[in-house]
$ cat upload.pdb   # PDB, C-alpha atoms
MODEL        1
ATOM      1  CA  MET A1422     114.965 -68.619 -29.820
ATOM      2  CA  LYS A1423     112.385 -66.503 -31.631
ATOM      3  CA  SER A1424     113.053 -62.801 -31.938
ATOM      4  CA  ARG A1425     110.282 -60.491 -30.650
ATOM      5  CA  LEU A1426     108.962 -58.046 -33.209
ATOM      6  CA  ILE A1427     109.047 -54.452 -31.910
ATOM      7  CA  ARG A1428     106.636 -52.026 -33.567
ATOM      8  CA  ALA A1429     107.414 -48.306 -33.760
ATOM      9  CA  PHE A1430     106.160 -45.199 -35.535
ATOM     10  CA  THR A1431     107.703 -44.400 -38.853
ATOM     11  CA  LEU A1432     109.023 -40.924 -39.628
ATOM     12  CA  MET A1433     106.121 -40.377 -42.010
ATOM     13  CA  GLU A1434     103.556 -41.237 -39.325
ATOM     14  CA  LEU A1435     105.198 -38.833 -36.874
ATOM     15  CA  MET A1436     105.140 -36.042 -39.440
ATOM     16  CA  VAL A1437     101.458 -36.656 -40.123
ATOM     17  CA  VAL A1438     100.622 -36.483 -36.388
ATOM     18  CA  ILE A1439     102.668 -33.286 -35.963
ATOM     19  CA  GLY A1440     100.931 -31.783 -38.982
ATOM     20  CA  ILE A1441      97.490 -32.560 -37.536
ATOM     21  CA  ILE A1442      98.483 -30.971 -34.211
ATOM     22  CA  MET A1443      99.697 -27.827 -35.972
ATOM     23  CA  ILE A1444      96.484 -27.540 -37.995
ATOM     24  CA  MET A1445      94.286 -27.985 -34.915
ATOM     25  CA  THR A1446      96.349 -25.400 -33.020
ATOM     26  CA  ALA A1447      96.039 -22.883 -35.857
ATOM     27  CA  ILE A1448      92.275 -23.395 -35.980
ATOM     28  CA  SER A1449      91.847 -22.963 -32.226
ATOM     29  CA  ILE A1450      94.009 -19.827 -31.822
ATOM     30  CA  PRO A1451      91.311 -17.335 -32.991
ATOM     31  CA  ALA A1452      88.734 -18.874 -30.641
ATOM     32  CA  ILE A1453      91.194 -18.802 -27.738
ATOM     33  CA  SER A1454      92.119 -15.210 -28.561
ATOM     34  CA  LYS A1455      88.466 -14.092 -28.531
ATOM     35  CA  PHE A1456      87.889 -15.888 -25.239
ATOM     36  CA  MET A1457      90.935 -14.242 -23.653
ATOM     37  CA  ASP A1458      89.829 -10.814 -24.879
ATOM     38  CA  GLY A1459      86.534 -11.316 -23.096
ATOM     39  CA  GLN A1460      88.342 -12.405 -19.936
ATOM     40  CA  LYS A1461      90.567  -9.326 -20.154
ATOM     41  CA  LEU A1462      87.526  -7.051 -20.152
ATOM     42  CA  GLN A1463      85.831  -9.097 -17.431
ATOM     43  CA  GLN A1464      88.859  -8.918 -15.136
ATOM     44  CA  SER A1465      89.310  -5.209 -15.839
ATOM     45  CA  GLY A1466      85.682  -4.717 -14.829
ATOM     46  CA  ARG A1467      86.387  -6.587 -11.586
ATOM     47  CA  LEU A1468      89.305  -4.246 -10.931
ATOM     48  CA  MET A1469      86.958  -1.284 -11.381
ATOM     49  CA  GLN A1470      84.512  -2.849  -8.927
ATOM     50  CA  SER A1471      87.359  -3.177  -6.427
ATOM     51  CA  SER A1472      88.332   0.460  -6.943
ATOM     52  CA  PHE A1473      84.774   1.650  -6.276
ATOM     53  CA  ASN A1474      84.385  -0.620  -3.232
ATOM     54  CA  GLU A1475      87.624   0.697  -1.761
ATOM     55  CA  ALA A1476      86.556   4.325  -2.234
ATOM     56  CA  ARG A1477      83.207   3.650  -0.588
ATOM     57  CA  ARG A1478      84.785   1.909   2.423
ATOM     58  CA  ALA A1479      87.295   4.731   2.805
ATOM     59  CA  ALA A1480      84.591   7.418   2.735
ATOM     60  CA  ILE A1481      82.628   5.619   5.458
ATOM     61  CA  THR A1482      85.509   4.657   7.766
ATOM     62  CA  GLN A1483      87.400   7.951   7.398
ATOM     63  CA  ARG A1484      84.250  10.087   7.572
ATOM     64  CA  ALA A1485      85.675  12.070   4.688
ATOM     65  CA  LYS A1486      84.738  12.619   1.070
ATOM     66  CA  ASN A1487      86.708  10.495  -1.361
ATOM     67  CA  VAL A1488      86.774  10.915  -5.120
ATOM     68  CA  LEU A1489      87.904   8.626  -7.921
ATOM     69  CA  VAL A1490      90.029  10.367 -10.539
ATOM     70  CA  PHE A1491      90.068   8.724 -13.997
ATOM     71  CA  PHE A1492      93.260   8.984 -16.042
ATOM     72  CA  ARG A1493      95.461   7.614 -18.807
ATOM     73  CA  GLU A1494      99.250   7.593 -18.741
ATOM     74  CA  GLU A1495     102.042   6.299 -20.950
ATOM     75  CA  ASP A1496     103.159   2.744 -20.246
ATOM     76  CA  ALA A1497     106.880   2.886 -19.504
ATOM     77  CA  GLY A1498     107.230  -0.835 -20.220
ATOM     78  CA  ARG A1499     105.462  -0.644 -23.597
ATOM     79  CA  PRO A1500     106.462   2.423 -25.629
ATOM     80  CA  GLY A1501     103.562   3.801 -27.622
ATOM     81  CA  PHE A1502     100.953   2.203 -25.360
ATOM     82  CA  PHE A1503      98.958   3.544 -22.408
ATOM     83  CA  ARG A1504      97.715   2.379 -19.035
ATOM     84  CA  TRP A1505      94.206   3.393 -18.002
ATOM     85  CA  GLY A1506      92.979   3.519 -14.443
ATOM     86  CA  THR A1507      91.703   5.394 -11.399
ATOM     87  CA  ARG A1508      93.237   6.846  -8.255
ATOM     88  CA  ARG A1509      91.484   7.706  -5.003
ATOM     89  CA  TYR A1510      91.780  11.218  -3.546
ATOM     90  CA  ARG A1511      90.782  12.007   0.046
ATOM     91  CA  GLU A1512      89.650  15.470   1.034
ATOM     92  CA  ARG A1513      92.124  17.461   3.186
ATOM     93  CA  VAL A1514      94.737  14.720   2.661
ATOM     94  CA  GLY A1515      95.403  14.211  -1.052
ATOM     95  CA  TYR A1516      95.931  10.992  -2.965
ATOM     96  CA  ASP A1517      95.328   8.238  -0.456
ATOM     97  CA  SER A1518      96.003   5.130  -2.554
ATOM     98  CA  GLU A1519      98.143   3.812  -5.350
ATOM     99  CA  PRO A1520      96.699   3.915  -8.876
ATOM    100  CA  GLN A1521      94.479   0.999  -9.890
ATOM    101  CA  TYR A1522      95.003   0.053 -13.526
ATOM    102  CA  LEU A1523      92.935  -1.865 -16.028
ATOM    103  CA  LEU A1524      94.635  -4.889 -17.554
ATOM    104  CA  ALA A1525      96.966  -4.182 -20.450
ATOM    105  CA  GLY A1526      94.979  -4.004 -23.672
ATOM    106  CA  ALA A1527      91.798  -2.619 -22.039
ATOM    107  CA  GLN A1528      90.718   1.002 -21.809
ATOM    108  CA  PHE A1529      87.753   3.233 -21.021
ATOM    109  CA  GLU A1530      85.288   3.853 -23.840
ATOM    110  CA  LEU A1531      85.266   7.600 -24.508
ATOM    111  CA  GLU A1532      82.657   9.928 -25.931
ATOM    112  CA  THR A1533      83.139  10.481 -29.626
ATOM    113  CA  GLY A1534      84.428  13.884 -30.643
ATOM    114  CA  THR A1535      86.409  14.651 -27.488
ATOM    115  CA  ILE A1536      90.120  15.460 -27.811
ATOM    116  CA  VAL A1537      93.057  16.036 -25.495
ATOM    117  CA  GLY A1538      92.668  19.393 -23.825
ATOM    118  CA  GLY A1539      89.342  20.004 -25.551
ATOM    119  CA  GLY A1540      85.657  19.668 -24.852
ATOM    120  CA  GLY A1541      85.670  21.915 -21.781
ATOM    121  CA  ALA A1542      88.850  20.565 -20.196
ATOM    122  CA  PRO A1543      89.228  21.536 -16.529
ATOM    123  CA  PRO A1544      91.782  24.266 -15.825
ATOM    124  CA  GLY A1545      95.381  23.325 -15.274
ATOM    125  CA  HIS A1546      95.372  19.804 -16.702
ATOM    126  CA  PRO A1547      94.626  18.292 -20.147
ATOM    127  CA  ILE A1548      92.140  15.503 -20.695
ATOM    128  CA  VAL A1549      92.002  12.634 -23.164
ATOM    129  CA  GLY A1550      88.233  12.847 -23.426
ATOM    130  CA  ARG A1551      85.165  12.036 -21.363
ATOM    131  CA  LEU A1552      83.714   8.691 -20.402
ATOM    132  CA  ALA A1553      81.078   7.482 -22.815
ATOM    133  CA  GLY A1554      78.737   6.993 -19.824
ATOM    134  CA  LEU A1555      79.304   9.306 -16.877
ATOM    135  CA  PRO A1556      80.119  12.946 -17.734
ATOM    136  CA  ILE A1557      83.581  12.490 -16.183
ATOM    137  CA  PRO A1558      86.870  13.522 -17.842
ATOM    138  CA  VAL A1559      89.699  11.061 -18.306
ATOM    139  CA  PHE A1560      92.813  13.069 -17.481
ATOM    140  CA  ASP A1561      95.925  12.802 -19.628
ATOM    141  CA  GLY A1562      98.200  11.712 -16.778
ATOM    142  CA  ILE A1563      97.428  11.827 -13.051
ATOM    143  CA  PRO A1564      96.670  15.434 -12.014
ATOM    144  CA  ASP A1565      99.030  17.013  -9.500
ATOM    145  CA  GLU A1566      97.375  17.087  -6.061
ATOM    146  CA  ALA A1567      98.878  20.572  -5.612
ATOM    147  CA  ASN A1568      96.732  21.840  -8.508
ATOM    148  CA  THR A1569      94.447  24.220  -6.619
ATOM    149  CA  ALA A1570      92.230  24.672  -9.693
ATOM    150  CA  LEU A1571      91.199  21.044  -9.246
ATOM    151  CA  PHE A1572      91.686  20.308  -5.564
ATOM    152  CA  GLY A1573      91.383  23.711  -3.871
ATOM    153  CA  VAL A1574      93.726  25.375  -1.407
ATOM    154  CA  GLN A1575      92.614  23.091   1.452
ATOM    155  CA  ARG A1576      92.931  19.892  -0.598
ATOM    156  CA  ARG A1577      89.192  19.651  -1.063
ATOM    157  CA  PRO A1578      88.092  18.392  -4.478
ATOM    158  CA  THR A1579      86.632  21.237  -6.492
ATOM    159  CA  GLN A1580      82.965  21.028  -7.383
ATOM    160  CA  PRO A1581      82.100  22.398 -10.835
ATOM    161  CA  PRO A1582      79.842  25.436 -11.210
ATOM    162  CA  PRO A1583      76.182  24.790 -12.095
ATOM    163  CA  GLY A1584      75.795  23.515 -15.630
ATOM    164  CA  SER A1585      79.395  22.309 -15.874
ATOM    165  CA  SER A1586      80.546  18.722 -16.147
ATOM    166  CA  TRP A1587      81.627  16.877 -13.020
ATOM    167  CA  LEU A1588      85.332  16.107 -12.631
ATOM    168  CA  TRP A1589      85.199  12.766 -10.820
ATOM    169  CA  VAL A1590      82.999  10.302  -8.970
ATOM    170  CA  GLU A1591      82.525  11.684  -5.460
ATOM    171  CA  PHE A1592      81.718   9.432  -2.504
ATOM    172  CA  GLN A1593      79.980  11.103   0.436
ATOM    173  CA  ARG A1594      80.785  10.331   4.072
ATOM    174  CA  ASP A1595      77.880   7.880   4.260
ATOM    175  CA  GLY A1596      79.145   5.876   1.279
ATOM    176  CA  THR A1597      76.629   7.196  -1.237
ATOM    177  CA  ILE A1598      77.670   8.952  -4.435
ATOM    178  CA  ASN A1599      76.999  12.569  -5.265
ATOM    179  CA  THR A1600      74.243  12.138  -7.823
ATOM    180  CA  ASN A1601      75.175  15.341  -9.677
ATOM    181  CA  SER A1602      77.731  13.241 -11.550
ATOM    182  CA  ILE A1603      75.439  10.295 -12.296
ATOM    183  CA  ASP A1604      72.995   9.748 -15.139
ATOM    184  CA  ASN A1605      70.223   7.564 -13.730
ATOM    185  CA  LEU A1606      69.184   5.905 -16.958
ATOM    186  CA  PRO A1607      66.919   2.838 -16.962
ATOM    187  CA  THR A1608      68.458  -0.378 -18.210
ATOM    188  CA  THR A1609      66.873  -3.105 -20.313
ATOM    189  CA  GLU A1610      65.647  -6.061 -18.272
ATOM    190  CA  GLY A1611      68.314  -8.729 -18.218
ATOM    191  CA  PHE A1612      71.073  -6.471 -19.532
ATOM    192  CA  TYR A1613      73.262  -7.287 -16.506
ATOM    193  CA  ASP A1614      71.787 -10.698 -15.731
ATOM    194  CA  LEU A1615      74.202 -13.420 -16.853
ATOM    195  CA  ASN A1616      71.352 -15.943 -16.881
ATOM    196  CA  ILE A1617      69.478 -14.093 -19.624
ATOM    197  CA  PRO A1618      71.063 -14.393 -23.085
ATOM    198  CA  LEU A1619      71.053 -11.221 -25.161
ATOM    199  CA  THR A1620      72.306 -10.680 -28.703
ATOM    200  CA  PHE A1621      73.395  -7.430 -30.307
ATOM    201  CA  THR A1622      74.066  -6.420 -33.886
ATOM    202  CA  PRO A1623      76.589  -3.668 -34.722
ATOM    203  CA  ALA A1624      73.650  -1.270 -35.066
ATOM    204  CA  ASP A1625      72.452  -2.257 -31.576
ATOM    205  CA  PHE A1626      75.878  -1.452 -30.144
ATOM    206  CA  ASP A1627      75.897   1.953 -31.833
ATOM    207  CA  ALA A1628      72.486   2.681 -30.325
ATOM    208  CA  LEU A1629      73.709   1.705 -26.843
ATOM    209  CA  MET A1630      76.237   4.529 -26.958
ATOM    210  CA  THR A1631      73.609   7.264 -27.214
ATOM    211  CA  VAL A1632      70.839   8.611 -25.033
ATOM    212  CA  PRO A1633      68.065   7.477 -24.523
ATOM    213  CA  ASN A1634      69.296   3.963 -25.336
ATOM    214  CA  LYS A1635      72.420   4.130 -23.192
ATOM    215  CA  GLN A1636      72.552   1.206 -20.779
ATOM    216  CA  PHE A1637      75.719   1.944 -18.822
ATOM    217  CA  ASP A1638      77.660   4.407 -16.685
ATOM    218  CA  ILE A1639      81.128   3.087 -17.563
ATOM    219  CA  CYS A1640      82.163   1.036 -20.566
ATOM    220  CA  LEU A1641      85.449  -0.763 -21.221
ATOM    221  CA  ARG A1642      86.739  -1.914 -24.571
ATOM    222  CA  GLU A1643      89.868  -3.415 -26.058
ATOM    223  CA  SER A1644      92.597  -0.900 -26.882
ATOM    224  CA  GLY A1645      93.427  -0.182 -30.498
ATOM    225  CA  ASP A1646      90.904  -0.419 -33.297
ATOM    226  CA  HIS A1647      87.603   1.099 -32.234
ATOM    227  CA  GLN A1648      85.646  -1.539 -34.163
ATOM    228  CA  VAL A1649      85.951  -4.343 -31.627
ATOM    229  CA  ASP A1650      83.296  -6.934 -30.969
ATOM    230  CA  LYS A1651      83.122  -6.922 -27.171
ATOM    231  CA  ARG A1652      82.460  -4.374 -24.447
ATOM    232  CA  CYS A1653      82.311  -4.557 -20.667
ATOM    233  CA  PHE A1654      79.327  -2.494 -19.560
ATOM    234  CA  MET A1655      79.013  -1.278 -15.960
ATOM    235  CA  ASN A1656      76.070   0.236 -14.124
ATOM    236  CA  LEU A1657      76.602   2.291 -10.955
ATOM    237  CA  ASP A1658      74.164   2.407  -8.044
ATOM    238  CA  PRO A1659      74.627   5.841  -6.396
ATOM    239  CA  ASN A1660      72.992   4.659  -3.166
ATOM    240  CA  THR A1661      75.424   1.807  -2.558
ATOM    241  CA  GLY A1662      78.388   2.859  -4.698
ATOM    242  CA  ARG A1663      78.474  -0.595  -6.262
ATOM    243  CA  LEU A1664      79.021  -1.562  -9.880
ATOM    244  CA  ARG A1665      77.211  -4.245 -11.838
ATOM    245  CA  LEU A1666      78.984  -5.456 -14.927
ATOM    246  CA  ARG A1667      78.560  -7.710 -17.922
ATOM    247  CA  VAL A1668      80.578  -8.356 -21.070
ATOM    248  CA  HIS A1669      78.467  -8.322 -24.239
ATOM    249  CA  GLN A1670      79.526  -9.324 -27.719
ATOM    250  CA  ILE A1671      78.453  -8.099 -31.129
ATOM    251  CA  ASN A1672      76.913 -10.752 -33.351
ATOM    252  CA  ALA A1673      77.227 -10.204 -37.085
ATOM    253  CA  GLU A1674      74.059  -9.238 -38.897
TER     254      GLU A1674
ENDMDL
END

$ encode --input "upload.pdb" --output "structure tokens"
Amino acid sequence: MKSRLIRAFTLMELMVVIGIIMIMTAISIPAISKFMDGQKLQQSGRLMQSSFNEARRAAITQRAKNVLVFFREEDAGRPGFFRWGTRRYRERVGYDSEPQYLLAGAQFELETGTIVGGGGAPPGHPIVGRLAGLPIPVFDGIPDEANTALFGVQRRPTQPPPGSSWLWVEFQRDGTINTNSIDNLPTTEGFYDLNIPLTFTPADFDALMTVPNKQFDICLRESGDHQVDKRCFMNLDPNTGRLRLRVHQINAE
């Protein structure tokens, strides 16, 4: 009776295959990492859209002004890191929702030159800085709703005196936004249209951060090193309270 020959992989062949897999994995990790960073900013932008939509619905259904307070607070689960987000405040009631946070690793882009407690900080509570788009402070921690310097004695959000910076995004009872806090800057055609490809050099990105080239009301970036290659830009329509968003990437010169 003839014996049947059984073929199998040798140890050397298995090691070669494993080596190829490891090399391909190492090559693909940077590309996967860049893709995930973009998704992180995209999803954080979606969370901001949800926060604005909720505030608008609340203002209309409650027939009461609602404001979105921007803040940063320490992340208890990650020492040395921060969580960035918004919280909705309802006039005559106080905070009327839980905080809505960006995804870990994403934060608001801030104006350059602003420091904690500086740059015209509102009374009674320090700020991290101001948004790079809207002239809104990002508070260092969620302000106490009992702070009458910010929310008044009847729990009505304080409006700044003429010539002063606004403290939050304020939704009126009809769902529109108080335009005193909004810069209505024109945007480049296609800037928020995903069907139109646009490329930006580092110099282009620097120009986008300054008037009159600014194309956004809110901008998100990755936490950490300021020199990152992606941003999530958002444009706010004060008539509808809705945000458009798009993630753009810097292409090397």

$ resolve_selection --input "upload.pdb" --expression "the PyMOL selection byres ((chain A and resi 1638) around 8)" --output "MDAnalysis selection string"
chainID A and resid 1553:1555 1603:1604 1636:1637 1639:1640 1654:1657

$ atom_distance --input "upload.pdb" --atom1 "atom CA of Glu1591 of chain A" --atom2 "atom CA of Arg1577 of chain A"
11.3 Å

$ closest_residue --input "upload.pdb" --among "A:Ser1586, A:Asn1568, A:Asn1487, A:Thr1579" --to "Arg1508 of chain A" --atoms "all atoms listed in the file"
A:Asn1487

$ residues_around --input "upload.pdb" --residues "Ile1598 of chain A" --least-positions-apart "3" --cutoff "7 Å" --atoms "all atoms listed in the file" --output "ChimeraX atom specification"
/A:1591-1593,1659-1660,1662

$ closest_residue --input "upload.pdb" --among "A:Asp1496, A:His1669, A:Leu1489, A:Ala1567" --to "Leu1615 of chain A" --atoms "all atoms listed in the file"
A:His1669

$ closest_residue --input "upload.pdb" --among "A:Gln1528, A:Asn1601, A:Gln1670, A:Ser1471" --to "Arg1509 of chain A" --atoms "all atoms listed in the file"
A:Ser1471

$ atom_distance --input "upload.pdb" --atom1 "atom CA of Gly1573 of chain A" --atom2 "atom CA of Arg1513 of chain A"
9.5 Å

$ residues_around --input "upload.pdb" --residues "Val1490 of chain A" --least-positions-apart "4" --cutoff "8 Å" --atoms "all atoms listed in the file" --output "ChimeraX atom specification"
/A:1507-1510,1559-1560,1563,1588-1590

$ resolve_selection --input "upload.pdb" --expression "the PyMOL selection byres ((chain A and resi 1671) around 8)" --output "list in words"
Thr1620, Phe1621, Thr1622, Pro1623, Phe1626, Asp1650, Lys1651, His1669, Gln1670, Asn1672 and Ala1673 of chain A

$ atom_distance --input "upload.pdb" --atom1 "atom CA of Thr1569 of chain A" --atom2 "atom CA of Tyr1516 of chain A"
13.8 Å

$ resolve_selection --input "upload.pdb" --expression "the PyMOL selection byres ((chain A and resi 1475) around 12)" --output "count of residues only"
32

$ closest_residue --input "upload.pdb" --among "A:Ile1442, A:Ala1624, A:Leu1552, A:Val1632" --to "Thr1608 of chain A" --atoms "all atoms listed in the file"
A:Val1632

$ residues_near_point --input "upload.pdb" --point "(86.4, -9.9, -21.6)" --cutoff "12 Å" --atoms "all atoms listed in the file" --output "PyMOL selection string"
chain A and resi 1453-1467+1523-1524+1526-1528+1640-1643+1649-1654+1666-1670

$ closest_residue --input "upload.pdb" --among "A:Val1549, A:Met1433, A:Gly1515, A:Asp1561" --to "Glu1494 of chain A" --atoms "all atoms listed in the file"
A:Asp1561

$ closest_residue --input "upload.pdb" --among "A:Asp1658, A:Glu1495, A:Glu1530, A:Glu1512" --to "Thr1600 of chain A" --atoms "all atoms listed in the file"
A:Asp1658
